[in-house]
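Below: my_file.cif (mmCIF, C-alpha atoms)
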```cif
data_entry
#
loop_
_atom_site.label_atom_id
_atom_site.label_comp_id
_atom_site.auth_asym_id
_atom_site.auth_seq_id
_atom_site.Cartn_x
_atom_site.Cartn_y
_atom_site.Cartn_z
CA GLY A 47 -20.24 -19.29 -14.19
CA ALA A 48 -17.74 -18.02 -11.68
CA VAL A 49 -19.38 -16.36 -8.71
CA VAL A 50 -17.95 -14.10 -6.04
CA SER A 51 -19.98 -13.76 -2.88
CA GLN A 52 -19.45 -10.44 -1.09
CA HIS A 53 -20.60 -9.77 2.47
CA PRO A 54 -22.01 -7.80 4.06
CA SER A 55 -24.09 -6.01 1.47
CA ARG A 56 -24.72 -3.11 3.81
CA VAL A 57 -23.06 -2.07 7.02
CA ILE A 58 -23.41 0.89 9.32
CA CYS A 59 -20.67 1.46 11.84
CA LYS A 60 -19.64 4.07 14.34
CA SER A 61 -16.78 6.39 13.65
CA GLY A 62 -13.52 4.94 14.94
CA THR A 63 -14.47 1.30 14.61
CA SER A 64 -13.21 -1.21 12.05
CA VAL A 65 -15.23 -3.02 9.43
CA LYS A 66 -14.33 -6.18 7.55
CA ILE A 67 -15.66 -6.94 4.08
CA GLU A 68 -15.34 -10.45 2.68
CA CYS A 69 -15.22 -11.67 -0.87
CA ARG A 70 -15.40 -15.38 -1.37
CA SER A 71 -15.05 -17.21 -4.68
CA LEU A 72 -17.62 -19.98 -4.71
CA ASP A 73 -16.65 -22.26 -7.56
CA PHE A 74 -13.20 -21.23 -8.66
CA GLN A 75 -9.84 -20.22 -7.29
CA ALA A 76 -9.30 -16.49 -7.19
CA THR A 77 -5.56 -15.99 -7.41
CA THR A 78 -6.00 -12.27 -7.97
CA MET A 79 -8.58 -10.00 -6.37
CA PHE A 80 -9.12 -6.34 -7.11
CA TRP A 81 -10.75 -3.97 -4.63
CA TYR A 82 -12.62 -0.87 -5.77
CA ARG A 83 -14.33 2.04 -4.07
CA GLN A 84 -17.18 3.96 -5.62
CA PHE A 85 -18.52 7.22 -4.26
CA PRO A 86 -22.10 8.21 -5.20
CA LYS A 87 -22.53 9.02 -8.86
CA GLN A 88 -18.83 8.42 -9.51
CA SER A 89 -16.69 5.80 -11.12
CA LEU A 90 -15.09 2.73 -9.62
CA MET A 91 -11.65 3.63 -8.35
CA LEU A 92 -9.16 0.81 -7.99
CA MET A 93 -7.79 0.71 -4.47
CA ALA A 94 -5.54 -2.33 -4.53
CA THR A 95 -4.65 -5.59 -6.19
CA SER A 96 -4.10 -8.66 -4.06
CA ASN A 97 -2.53 -11.92 -5.08
CA GLU A 98 -3.02 -14.99 -2.95
CA GLY A 99 -0.23 -15.42 -0.43
CA SER A 100 1.47 -12.11 -1.04
CA LYS A 101 1.11 -8.51 0.05
CA ALA A 102 -1.40 -6.35 -1.73
CA THR A 103 -0.32 -3.67 -4.16
CA TYR A 104 -2.02 -0.39 -3.40
CA GLU A 105 -2.82 2.34 -5.88
CA GLN A 106 -1.31 5.75 -5.37
CA GLY A 107 -3.07 7.71 -2.67
CA VAL A 108 -4.64 4.71 -0.94
CA GLU A 109 -3.55 4.31 2.68
CA LYS A 110 -2.43 0.74 3.13
CA ASP A 111 -2.56 0.99 6.92
CA LYS A 112 -6.16 2.11 6.78
CA PHE A 113 -7.39 -0.35 4.19
CA LEU A 114 -6.00 -3.73 5.16
CA ILE A 115 -6.27 -6.44 2.56
CA ASN A 116 -5.78 -10.10 3.31
CA HIS A 117 -5.74 -12.76 0.62
CA ALA A 118 -4.57 -15.77 2.56
CA SER A 119 -6.45 -18.37 0.59
CA LEU A 120 -7.48 -18.94 -3.00
CA THR A 121 -11.15 -18.55 -2.13
CA LEU A 122 -11.21 -15.67 0.33
CA SER A 123 -10.03 -12.08 0.25
CA THR A 124 -10.92 -9.51 2.89
CA LEU A 125 -10.79 -5.74 3.10
CA THR A 126 -10.75 -4.20 6.56
CA VAL A 127 -11.43 -0.51 6.91
CA THR A 128 -9.68 0.42 10.13
CA SER A 129 -10.71 3.33 12.32
CA ALA A 130 -13.45 4.22 9.89
CA HIS A 131 -14.57 7.83 9.52
CA PRO A 132 -17.56 9.35 7.74
CA GLU A 133 -15.43 10.14 4.70
CA ASP A 134 -14.86 6.39 4.28
CA SER A 135 -18.56 5.94 3.62
CA SER A 136 -18.73 4.50 0.15
CA PHE A 137 -19.62 1.48 -2.00
CA TYR A 138 -16.84 -1.11 -1.94
CA ILE A 139 -16.74 -3.82 -4.57
CA CYS A 140 -14.36 -6.66 -5.25
CA SER A 141 -13.50 -8.32 -8.54
CA ALA A 142 -11.76 -11.63 -9.05
CA ARG A 143 -9.66 -12.62 -12.01
CA VAL A 144 -10.85 -15.98 -13.26
CA LEU A 145 -7.86 -17.91 -14.50
CA GLY A 146 -8.46 -20.10 -17.50
CA ALA A 147 -11.29 -17.94 -18.75
CA GLY A 148 -10.78 -15.64 -21.67
CA PHE A 149 -10.56 -11.98 -20.87
CA ASN A 150 -14.14 -11.44 -21.96
CA TYR A 151 -15.52 -13.50 -19.10
CA GLY A 152 -12.38 -13.42 -17.04
CA TYR A 153 -13.51 -11.05 -14.33
CA THR A 154 -16.33 -11.55 -11.89
CA PHE A 155 -17.54 -8.90 -9.49
CA GLY A 156 -18.99 -9.17 -6.05
CA SER A 157 -22.33 -7.52 -5.41
CA GLY A 158 -20.76 -4.72 -3.41
CA THR A 159 -20.85 -3.45 0.17
CA ARG A 160 -22.40 -0.14 1.05
CA LEU A 161 -20.54 1.22 4.06
CA THR A 162 -21.98 4.06 6.10
CA VAL A 163 -19.91 5.47 8.93
CA VAL A 164 -21.86 7.54 11.45
CA ALA B 2 -4.06 11.80 -16.69
CA GLN B 3 -7.25 9.97 -17.47
CA LYS B 4 -6.76 6.73 -19.28
CA ILE B 5 -10.41 6.14 -20.07
CA THR B 6 -12.50 9.09 -21.17
CA GLN B 7 -16.26 9.06 -21.40
CA THR B 8 -17.45 12.49 -22.49
CA GLN B 9 -21.19 11.95 -22.08
CA PRO B 10 -22.22 12.23 -18.42
CA GLY B 11 -25.84 11.57 -19.32
CA MET B 12 -27.94 10.64 -22.32
CA PHE B 13 -31.66 10.47 -23.01
CA VAL B 14 -32.81 8.15 -25.77
CA GLN B 15 -36.23 7.16 -27.02
CA GLU B 16 -37.14 3.51 -26.57
CA LYS B 17 -36.35 1.32 -29.62
CA GLU B 18 -33.79 3.74 -30.94
CA ALA B 19 -30.12 2.83 -31.24
CA VAL B 20 -27.67 4.57 -28.95
CA THR B 21 -23.91 5.07 -29.09
CA LEU B 22 -21.91 5.62 -25.92
CA ASP B 23 -18.50 7.14 -26.50
CA CYS B 24 -15.22 5.97 -25.04
CA THR B 25 -11.63 6.89 -25.80
CA TYR B 26 -8.61 5.43 -24.10
CA ASP B 27 -4.93 6.03 -23.68
CA THR B 28 -2.29 3.35 -23.34
CA SER B 29 1.22 2.63 -24.54
CA ASP B 30 0.76 -1.13 -24.18
CA GLN B 31 0.53 -3.21 -27.35
CA SER B 32 -1.67 -5.78 -25.67
CA TYR B 33 -4.72 -4.48 -23.87
CA GLY B 34 -8.44 -5.03 -23.71
CA LEU B 35 -11.52 -2.89 -23.51
CA PHE B 36 -14.73 -3.65 -21.68
CA TRP B 37 -18.16 -2.20 -21.26
CA TYR B 38 -20.06 -2.79 -18.06
CA LYS B 39 -23.60 -1.87 -17.07
CA GLN B 40 -24.36 -0.85 -13.51
CA PRO B 41 -28.04 -0.61 -12.55
CA SER B 42 -29.14 1.15 -9.39
CA SER B 43 -28.57 -2.05 -7.41
CA GLY B 44 -24.83 -1.55 -7.87
CA GLU B 45 -23.97 -4.86 -9.46
CA MET B 46 -21.53 -4.80 -12.35
CA ILE B 47 -22.87 -6.53 -15.44
CA PHE B 48 -20.38 -7.46 -18.16
CA LEU B 49 -21.61 -6.48 -21.62
CA ILE B 50 -18.82 -6.85 -24.13
CA TYR B 51 -15.05 -7.17 -24.55
CA GLN B 52 -12.62 -6.21 -27.32
CA GLY B 53 -9.01 -7.33 -27.33
CA SER B 54 -6.43 -5.05 -28.91
CA TYR B 55 -5.47 -7.71 -31.43
CA ASP B 56 -9.02 -8.62 -32.36
CA GLU B 57 -9.53 -7.65 -35.97
CA GLN B 58 -13.30 -7.74 -35.93
CA ASN B 59 -15.53 -5.61 -33.78
CA ALA B 60 -17.02 -7.52 -30.88
CA THR B 61 -20.74 -8.19 -30.77
CA GLU B 62 -22.92 -9.64 -28.01
CA GLY B 63 -26.61 -9.69 -28.85
CA ARG B 64 -27.85 -6.10 -28.99
CA TYR B 65 -24.44 -4.78 -28.02
CA SER B 66 -21.61 -4.07 -30.40
CA LEU B 67 -18.31 -2.36 -29.87
CA ASN B 68 -17.07 0.03 -32.53
CA PHE B 69 -13.32 -0.38 -32.13
CA GLN B 70 -11.15 2.16 -33.92
CA LYS B 71 -7.63 1.36 -32.82
CA ALA B 72 -5.85 4.21 -34.55
CA ARG B 73 -8.20 6.71 -32.96
CA LYS B 74 -8.10 4.84 -29.63
CA SER B 75 -11.82 4.72 -29.41
CA ALA B 76 -14.14 1.94 -28.31
CA ASN B 77 -17.71 3.11 -28.55
CA LEU B 78 -20.58 0.92 -27.39
CA VAL B 79 -23.60 0.65 -29.65
CA ILE B 80 -26.88 -0.60 -28.24
CA SER B 81 -29.42 -1.44 -30.89
CA ALA B 82 -33.17 -1.26 -30.31
CA SER B 83 -32.91 0.20 -26.82
CA GLN B 84 -35.26 -1.02 -24.11
CA LEU B 85 -36.51 0.57 -20.89
CA GLY B 86 -34.39 -1.92 -18.96
CA ASP B 87 -31.27 -0.46 -20.55
CA SER B 88 -31.57 2.57 -18.29
CA ALA B 89 -28.46 2.39 -16.11
CA MET B 90 -24.91 3.62 -15.69
CA TYR B 91 -22.49 2.40 -18.34
CA PHE B 92 -18.77 2.19 -17.79
CA CYS B 93 -16.02 1.78 -20.33
CA ALA B 94 -12.98 0.06 -18.88
CA MET B 95 -9.53 -1.09 -19.90
CA ARG B 96 -7.40 -4.04 -18.88
CA GLU B 97 -3.79 -3.11 -18.34
CA GLY B 98 -0.59 -4.01 -16.55
CA ILE B 99 0.96 -7.28 -15.56
CA ASP B 100 -1.84 -7.91 -13.08
CA ASP B 101 -4.45 -7.33 -15.79
CA LYS B 102 -6.18 -4.83 -13.56
CA ILE B 103 -9.22 -3.05 -14.92
CA ILE B 104 -9.55 0.70 -14.73
CA PHE B 105 -12.82 2.46 -15.38
CA GLY B 106 -13.99 5.62 -17.04
CA LYS B 107 -16.32 8.03 -15.29
CA GLY B 108 -19.38 6.50 -16.82
CA THR B 109 -22.42 7.59 -18.80
CA ARG B 110 -25.88 7.52 -17.29
CA LEU B 111 -28.32 6.34 -19.93
CA HIS B 112 -32.02 7.08 -19.65
CA ILE B 113 -34.39 5.29 -22.00
CA LEU B 114 -37.63 7.18 -22.50
CA PRO B 115 -40.93 5.36 -23.16
#
```

Go through the file and emit its structure as C-alpha coordinates.
Amino acid sequence: GAVVSQHPSRVICKSGTSVKIECRSLDFQATTMFWYRQFPKQSLMLMATSNEGSKATYEQGVEKDKFLINHASLTLSTLTVTSAHPEDSSFYICSARVLGAGFNYGYTFGSGTRLTVV
Amino acid sequence: AQKITQTQPGMFVQEKEAVTLDCTYDTSDQSYGLFWYKQPSSGEMIFLIYQGSYDEQNATEGRYSLNFQKARKSANLVISASQLGDSAMYFCAMREGIDDKIIFGKGTRLHILP
(Lines of atoms letter the chains of each structure in order from A and count residues from 1; the text may use other names and numbers.)
(Lines give C-alpha, C1' and ligand atoms only; values in the text may rest on other atoms or scores of the structure.)
Protein backbone atom coordinates (compact mmCIF):
# COMPACT_ATOMS: atom_id res chain seq x y z
CA GLY A 1 0.00 0.00 0.00
CA ALA A 2 0.90 3.65 -0.28
CA VAL A 3 3.34 4.74 2.39
CA VAL A 4 4.33 8.20 3.56
CA SER A 5 7.57 8.44 5.47
CA GLN A 6 7.67 11.36 7.91
CA HIS A 7 10.85 12.59 9.58
CA PRO A 8 11.91 13.35 12.17
CA SER A 9 9.62 11.50 14.54
CA ARG A 10 10.71 13.64 17.45
CA VAL A 11 12.58 16.91 17.60
CA ILE A 12 13.53 19.27 20.39
CA CYS A 13 14.64 22.73 19.42
CA LYS A 14 15.47 25.99 21.10
CA SER A 15 13.07 28.87 21.02
CA GLY A 16 13.73 31.10 18.02
CA THR A 17 15.16 28.43 15.77
CA SER A 18 13.52 26.83 12.74
CA VAL A 19 12.58 23.20 12.28
CA LYS A 20 11.90 21.35 9.05
CA ILE A 21 9.61 18.34 8.88
CA GLU A 22 9.65 16.12 5.80
CA CYS A 23 7.01 13.87 4.35
CA ARG A 24 8.08 11.64 1.54
CA SER A 25 5.80 9.37 -0.49
CA LEU A 26 7.66 6.12 -1.03
CA ASP A 27 5.77 4.29 -3.74
CA PHE A 28 3.34 6.74 -5.23
CA GLN A 29 3.08 10.32 -6.38
CA ALA A 30 1.56 12.63 -3.83
CA THR A 31 0.00 15.45 -5.80
CA THR A 32 -1.80 16.74 -2.71
CA MET A 33 -0.49 16.81 0.84
CA PHE A 34 -2.38 17.91 3.91
CA TRP A 35 -0.64 19.13 7.06
CA TYR A 36 -2.24 18.80 10.48
CA ARG A 37 -1.37 19.86 14.00
CA GLN A 38 -2.56 18.03 17.07
CA PHE A 39 -2.23 19.38 20.59
CA PRO A 40 -2.30 16.86 23.47
CA LYS A 41 -5.66 15.18 23.93
CA GLN A 42 -7.15 17.21 21.09
CA SER A 43 -8.20 16.65 17.52
CA LEU A 44 -6.21 16.98 14.33
CA MET A 45 -6.53 20.51 13.04
CA LEU A 46 -5.91 21.05 9.35
CA MET A 47 -3.24 23.68 8.84
CA ALA A 48 -2.82 23.74 5.09
CA THR A 49 -3.27 21.92 1.81
CA SER A 50 -0.41 21.81 -0.65
CA ASN A 51 -0.51 20.80 -4.26
CA GLU A 52 2.67 19.94 -6.07
CA GLY A 53 4.16 22.94 -7.84
CA SER A 54 1.81 25.52 -6.42
CA LYS A 55 1.46 27.60 -3.28
CA ALA A 56 -0.12 26.03 -0.26
CA THR A 57 -3.61 26.97 0.84
CA TYR A 58 -3.69 27.78 4.53
CA GLU A 59 -6.65 27.38 6.83
CA GLN A 60 -8.01 30.42 8.58
CA GLY A 61 -5.88 31.45 11.52
CA VAL A 62 -2.72 29.66 10.40
CA GLU A 63 0.23 31.99 9.84
CA LYS A 64 1.65 31.22 6.44
CA ASP A 65 4.88 33.08 7.17
CA LYS A 66 5.46 31.00 10.26
CA PHE A 67 4.55 27.63 8.82
CA LEU A 68 6.27 27.39 5.45
CA ILE A 69 5.15 24.57 3.23
CA ASN A 70 7.07 23.45 0.18
CA HIS A 71 5.76 20.83 -2.22
CA ALA A 72 8.24 21.10 -5.04
CA SER A 73 8.13 17.49 -6.11
CA LEU A 74 5.57 14.73 -6.35
CA THR A 75 7.32 12.72 -3.65
CA LEU A 76 8.34 15.32 -1.09
CA SER A 77 6.52 17.92 0.94
CA THR A 78 8.08 19.87 3.79
CA LEU A 79 6.76 21.95 6.65
CA THR A 80 9.15 24.43 8.22
CA VAL A 81 8.24 25.97 11.54
CA THR A 82 10.11 29.25 11.56
CA SER A 83 11.21 31.03 14.71
CA ALA A 84 9.61 28.35 16.82
CA HIS A 85 8.24 29.18 20.26
CA PRO A 86 7.05 26.94 23.08
CA GLU A 87 3.44 27.39 22.00
CA ASP A 88 4.35 25.72 18.70
CA SER A 89 5.11 22.52 20.58
CA SER A 90 2.71 19.99 19.15
CA PHE A 91 2.30 16.80 17.12
CA TYR A 92 2.49 17.51 13.39
CA ILE A 93 1.23 14.94 10.92
CA CYS A 94 1.00 14.89 7.15
CA SER A 95 -1.48 13.08 4.95
CA ALA A 96 -1.17 12.42 1.24
CA ARG A 97 -4.02 11.99 -1.19
CA VAL A 98 -3.42 8.84 -3.20
CA LEU A 99 -4.68 9.41 -6.70
CA GLY A 100 -6.25 6.43 -8.38
CA ALA A 101 -7.28 4.88 -5.09
CA GLY A 102 -10.87 4.99 -3.99
CA PHE A 103 -11.66 7.38 -1.20
CA ASN A 104 -11.69 4.55 1.32
CA TYR A 105 -7.98 3.92 0.93
CA GLY A 106 -7.21 7.20 -0.72
CA TYR A 107 -5.43 8.90 2.14
CA THR A 108 -2.23 7.80 3.81
CA PHE A 109 -0.81 9.44 6.90
CA GLY A 110 2.73 9.93 8.02
CA SER A 111 3.69 8.67 11.45
CA GLY A 112 3.85 12.18 12.87
CA THR A 113 6.48 14.48 14.34
CA ARG A 114 6.45 15.46 17.97
CA LEU A 115 7.95 18.94 18.22
CA THR A 116 9.06 20.32 21.56
CA VAL A 117 10.31 23.89 21.70
CA VAL A 118 12.31 24.75 24.82
CA ALA B 1 -19.31 26.01 13.61
CA GLN B 2 -18.27 22.43 14.09
CA LYS B 3 -18.74 20.28 11.07
CA ILE B 4 -18.05 16.99 12.79
CA THR B 5 -19.50 16.44 16.24
CA GLN B 6 -18.51 13.62 18.54
CA THR B 7 -20.41 13.96 21.80
CA GLN B 8 -18.68 11.22 23.76
CA PRO B 9 -15.28 12.39 25.06
CA GLY B 10 -14.68 9.03 26.70
CA MET B 11 -16.26 5.61 26.93
CA PHE B 12 -15.63 2.52 29.04
CA VAL B 13 -16.75 -0.80 27.63
CA GLN B 14 -16.38 -4.36 28.85
CA GLU B 15 -14.29 -6.62 26.66
CA LYS B 16 -16.33 -8.63 24.11
CA GLU B 17 -19.22 -6.22 24.21
CA ALA B 18 -20.27 -4.20 21.19
CA VAL B 19 -19.73 -0.46 21.28
CA THR B 20 -21.22 2.41 19.31
CA LEU B 21 -19.32 5.65 18.86
CA ASP B 22 -21.48 8.59 17.84
CA CYS B 23 -20.79 11.05 15.06
CA THR B 24 -22.92 13.71 13.45
CA TYR B 25 -21.83 15.96 10.63
CA ASP B 26 -22.85 19.10 8.85
CA THR B 27 -22.35 19.81 5.18
CA SER B 28 -24.21 21.38 2.29
CA ASP B 29 -22.29 19.33 -0.29
CA GLN B 30 -24.16 16.59 -2.13
CA SER B 31 -21.01 14.54 -2.54
CA TYR B 32 -19.00 13.88 0.58
CA GLY B 33 -17.48 11.02 2.50
CA LEU B 34 -17.18 9.98 6.10
CA PHE B 35 -14.30 8.19 7.74
CA TRP B 36 -13.42 6.66 11.04
CA TYR B 37 -9.82 6.55 12.16
CA LYS B 38 -8.21 4.96 15.20
CA GLN B 39 -5.28 6.65 16.89
CA PRO B 40 -3.39 4.61 19.49
CA SER B 41 -1.00 6.24 21.91
CA SER B 42 1.79 5.99 19.32
CA GLY B 43 0.03 8.69 17.32
CA GLU B 44 -0.34 6.87 14.04
CA MET B 45 -3.63 7.26 12.21
CA ILE B 46 -5.22 3.93 11.34
CA PHE B 47 -7.99 3.92 8.74
CA LEU B 48 -10.99 1.87 9.85
CA ILE B 49 -13.90 2.46 7.52
CA TYR B 50 -15.31 4.80 4.87
CA GLN B 51 -18.84 5.68 3.76
CA GLY B 52 -19.55 7.70 0.64
CA SER B 53 -22.61 9.92 0.60
CA TYR B 54 -24.06 8.06 -2.35
CA ASP B 55 -23.41 4.60 -0.95
CA GLU B 56 -26.76 2.98 -0.32
CA GLN B 57 -25.50 0.25 1.96
CA ASN B 58 -23.77 0.77 5.26
CA ALA B 59 -20.04 0.15 5.06
CA THR B 60 -18.53 -2.80 6.89
CA GLU B 61 -14.89 -3.75 7.46
CA GLY B 62 -14.44 -6.83 9.62
CA ARG B 63 -15.57 -5.98 13.15
CA TYR B 64 -16.30 -2.40 12.16
CA SER B 65 -19.53 -1.17 10.65
CA LEU B 66 -20.77 2.31 9.98
CA ASN B 67 -24.39 3.11 10.73
CA PHE B 68 -25.06 5.78 8.12
CA GLN B 69 -28.27 7.75 8.51
CA LYS B 70 -28.11 10.40 5.84
CA ALA B 71 -31.28 12.27 6.71
CA ARG B 72 -30.13 12.62 10.30
CA LYS B 73 -26.56 13.36 9.20
CA SER B 74 -25.15 10.74 11.45
CA ALA B 75 -22.39 8.21 10.88
CA ASN B 76 -21.94 6.12 13.98
CA LEU B 77 -19.19 3.53 14.23
CA VAL B 78 -20.09 0.14 15.63
CA ILE B 79 -17.36 -2.15 16.88
CA SER B 80 -18.53 -5.68 17.50
CA ALA B 81 -16.93 -7.99 20.05
CA SER B 82 -14.55 -5.38 21.43
CA GLN B 83 -10.99 -6.37 22.28
CA LEU B 84 -8.43 -4.90 24.68
CA GLY B 85 -6.45 -3.70 21.67
CA ASP B 86 -9.37 -1.51 20.65
CA SER B 87 -8.50 0.90 23.45
CA ALA B 88 -7.51 4.09 21.63
CA MET B 89 -8.73 7.45 20.43
CA TYR B 90 -11.32 7.29 17.65
CA PHE B 91 -11.92 10.12 15.23
CA CYS B 92 -14.83 10.65 12.90
CA ALA B 93 -13.86 12.66 9.84
CA MET B 94 -15.37 14.06 6.68
CA ARG B 95 -14.01 14.59 3.20
CA GLU B 96 -15.03 17.91 1.73
CA GLY B 97 -14.14 20.62 -0.75
CA ILE B 98 -12.49 20.56 -4.12
CA ASP B 99 -9.22 19.43 -2.56
CA ASP B 100 -10.98 16.55 -0.82
CA LYS B 101 -9.48 17.64 2.47
CA ILE B 102 -10.39 15.70 5.57
CA ILE B 103 -11.58 17.45 8.70
CA PHE B 104 -11.80 15.68 12.02
CA GLY B 105 -14.11 15.62 14.99
CA LYS B 106 -12.79 16.02 18.52
CA GLY B 107 -12.57 12.32 19.06
CA THR B 108 -13.75 9.73 21.56
CA ARG B 109 -11.34 7.94 23.85
CA LEU B 110 -12.40 4.33 24.14
CA HIS B 111 -11.28 2.19 27.05
CA ILE B 112 -11.88 -1.55 26.87
CA LEU B 113 -12.04 -3.16 30.29
CA PRO B 114 -10.87 -6.76 30.86

Can I get the residues of chain B within 8 Å of chain A, each with the closest pair of atoms and their distance in Å to one decimal, using all atoms listed in the file, sorted chain first then ascending number, as a tab-separated table?
```
residue	atom	partner	partner_atom	distance
B:Gly34	CA	A:Phe149	CA	7.8
B:Phe36	CA	A:Asn150	CA	7.8
B:Gly44	CA	A:Gly158	CA	6.8
B:Glu45	CA	A:Ser157	CA	5.1
B:Met46	CA	A:Phe155	CA	6.4
B:Phe48	CA	A:Tyr151	CA	7.8
B:Ile50	CA	A:Asn150	CA	6.9
B:Tyr51	CA	A:Asn150	CA	5.1
B:Gln52	CA	A:Asn150	CA	7.6
B:Phe92	CA	A:Ser89	CA	7.9
B:Asp100	CA	A:Thr95	CA	7.8
B:Lys102	CA	A:Phe80	CA	7.2
B:Ile103	CA	A:Leu92	CA	7.9
B:Ile104	CA	A:Leu92	CA	6.8
B:Phe105	CA	A:Leu90	CA	6.2
B:Gly106	CA	A:Ser89	CA	6.5
B:Lys107	CA	A:Ser89	CA	4.7
B:Gly108	CA	A:Ser89	CA	6.3
```

| 9 Å contact set for Ser119 of chain A, only C-alpha atoms, chain neighbours under 4 positions out, as number ranges by chain | A: 75-77, 98-99, 123

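When the PyMOL selection byres ((chain B and resi 109) around 9) is evaluated against the file, it yields Gln7, Thr8, Gln9, Pro10, Gly11, Met12, Leu22, Asp23, Ala89, Met90, Tyr91, Phe92, Cys93, Gly106, Lys107, Gly108, Arg110 and Leu111 of chain B.
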
| message | Which residues, named as in the file, does the PyMOL selection byres ((chain B and resi 81) around 6) pick out? Answer as a PyMOL selection string. | response | chain B and resi 19+64+80+82-83

| Of the residues B:Glu62, B:Asp56, B:Asp87, B:Asp30, which is the one nearest to Glu16 of chain B, using only C-alpha atoms? | B:Asp87

| task | In Å, rounded to a single decimal, give me how far atom CA of Glu97 of chain B is from atom CA of Gly47 of chain A. | result |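 Those two atoms sit 23.4 Å apart.
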
| So, counting only C-alpha atoms, which residue among A:Leu72, A:Cys140, A:Ala147, A:Val108 is closest to Leu120 of chain A? |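 Looking only at the distances to Leu120 of chain A, the closest residue turns out to be A:Leu72.
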
| task | Return the single residue from B:Arg73, B:Lys4, B:Lys17, B:Lys39 that is closest to Met95 of chain B, with distances computed using only C-alpha atoms. | result |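 Among the listed residues, B:Lys4 lies closest to Met95 of chain B.
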
| message | Running the PyMOL selection byres ((chain A and resi 62-67) around 8) on this model by hand, what would come out? Give it as a ChimeraX atom specification. | response | /A:52-54,59-61,68-69,124-131,159

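Atom CA of Gln58 of chain B sits 14.1 Å away from atom CA of Ser75 of chain B.
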
| task | Compute the distance from (-24.0, 4.6, 7.5) to each atom, counting all atoms listed in the file, keep the residues with any atom at most 9 Å away, and return them as a list of chain:residue names; use the coordinates of the file. | result |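 With a cut-off of 9 Å, the residues come to A:Arg56, A:Val57, A:Ile58, A:Cys59, A:Lys60, A:Pro132, A:Ser135, A:Arg160, A:Leu161, A:Thr162, A:Val163, A:Val164.
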
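The space separating atom CA of Leu78 of chain B from atom CA of Thr28 of chain B comes to 18.9 Å.
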
| Which of B:Asn77, B:Ser32, B:Ser43, B:Ser88 sits closest to Asn59 of chain B [using all atoms listed in the file] |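 The closest residue to Asn59 of chain B is B:Asn77.
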
Selected segment 123-135 of chain A, written as a PDB file, in the first residue's frame, N, CA, C and O atoms:
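Now in out.pdb:
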```pdb
ATOM      1  N   SER A 123       7.107  16.695   0.429  1.00  0.00           N
ATOM      2  CA  SER A 123       6.518  17.925   0.936  1.00  0.00           C
ATOM      3  C   SER A 123       7.154  18.227   2.282  1.00  0.00           C
ATOM      4  O   SER A 123       7.396  17.304   3.066  1.00  0.00           O
ATOM      5  N   THR A 124       7.455  19.494   2.525  1.00  0.00           N
ATOM      6  CA  THR A 124       8.080  19.866   3.793  1.00  0.00           C
ATOM      7  C   THR A 124       7.299  20.971   4.477  1.00  0.00           C
ATOM      8  O   THR A 124       6.688  21.819   3.832  1.00  0.00           O
ATOM      9  N   LEU A 125       7.340  20.910   5.803  1.00  0.00           N
ATOM     10  CA  LEU A 125       6.762  21.951   6.648  1.00  0.00           C
ATOM     11  C   LEU A 125       7.893  22.505   7.499  1.00  0.00           C
ATOM     12  O   LEU A 125       8.550  21.743   8.213  1.00  0.00           O
ATOM     13  N   THR A 126       8.132  23.790   7.392  1.00  0.00           N
ATOM     14  CA  THR A 126       9.150  24.432   8.225  1.00  0.00           C
ATOM     15  C   THR A 126       8.477  25.355   9.211  1.00  0.00           C
ATOM     16  O   THR A 126       7.725  26.253   8.810  1.00  0.00           O
ATOM     17  N   VAL A 127       8.730  25.095  10.486  1.00  0.00           N
ATOM     18  CA  VAL A 127       8.237  25.970  11.543  1.00  0.00           C
ATOM     19  C   VAL A 127       9.338  26.998  11.792  1.00  0.00           C
ATOM     20  O   VAL A 127      10.424  26.650  12.281  1.00  0.00           O
ATOM     21  N   THR A 128       9.081  28.227  11.431  1.00  0.00           N
ATOM     22  CA  THR A 128      10.112  29.253  11.557  1.00  0.00           C
ATOM     23  C   THR A 128      10.004  29.967  12.901  1.00  0.00           C
ATOM     24  O   THR A 128       8.902  30.131  13.443  1.00  0.00           O
ATOM     25  N   SER A 129      11.156  30.330  13.436  1.00  0.00           N
ATOM     26  CA  SER A 129      11.205  31.031  14.714  1.00  0.00           C
ATOM     27  C   SER A 129      10.249  30.377  15.720  1.00  0.00           C
ATOM     28  O   SER A 129       9.309  31.013  16.217  1.00  0.00           O
ATOM     29  N   ALA A 130      10.520  29.129  15.966  1.00  0.00           N
ATOM     30  CA  ALA A 130       9.610  28.348  16.816  1.00  0.00           C
ATOM     31  C   ALA A 130       9.584  28.878  18.248  1.00  0.00           C
ATOM     32  O   ALA A 130      10.604  29.347  18.781  1.00  0.00           O
ATOM     33  N   HIS A 131       8.429  28.801  18.864  1.00  0.00           N
ATOM     34  CA  HIS A 131       8.243  29.183  20.258  1.00  0.00           C
ATOM     35  C   HIS A 131       7.571  28.049  20.995  1.00  0.00           C
ATOM     36  O   HIS A 131       6.979  27.152  20.359  1.00  0.00           O
ATOM     37  N   PRO A 132       7.640  28.059  22.314  1.00  0.00           N
ATOM     38  CA  PRO A 132       7.049  26.942  23.082  1.00  0.00           C
ATOM     39  C   PRO A 132       5.595  26.640  22.721  1.00  0.00           C
ATOM     40  O   PRO A 132       5.198  25.474  22.743  1.00  0.00           O
ATOM     41  N   GLU A 133       4.844  27.647  22.353  1.00  0.00           N
ATOM     42  CA  GLU A 133       3.439  27.387  21.996  1.00  0.00           C
ATOM     43  C   GLU A 133       3.284  26.636  20.678  1.00  0.00           C
ATOM     44  O   GLU A 133       2.177  26.179  20.349  1.00  0.00           O
ATOM     45  N   ASP A 134       4.384  26.513  19.934  1.00  0.00           N
ATOM     46  CA  ASP A 134       4.350  25.718  18.696  1.00  0.00           C
ATOM     47  C   ASP A 134       4.577  24.231  18.978  1.00  0.00           C
ATOM     48  O   ASP A 134       4.467  23.406  18.056  1.00  0.00           O
ATOM     49  N   SER A 135       4.915  23.920  20.209  1.00  0.00           N
ATOM     50  CA  SER A 135       5.112  22.519  20.578  1.00  0.00           C
ATOM     51  C   SER A 135       3.818  21.757  20.326  1.00  0.00           C
ATOM     52  O   SER A 135       2.757  22.129  20.833  1.00  0.00           O
TER      53      SER A 135
END
```
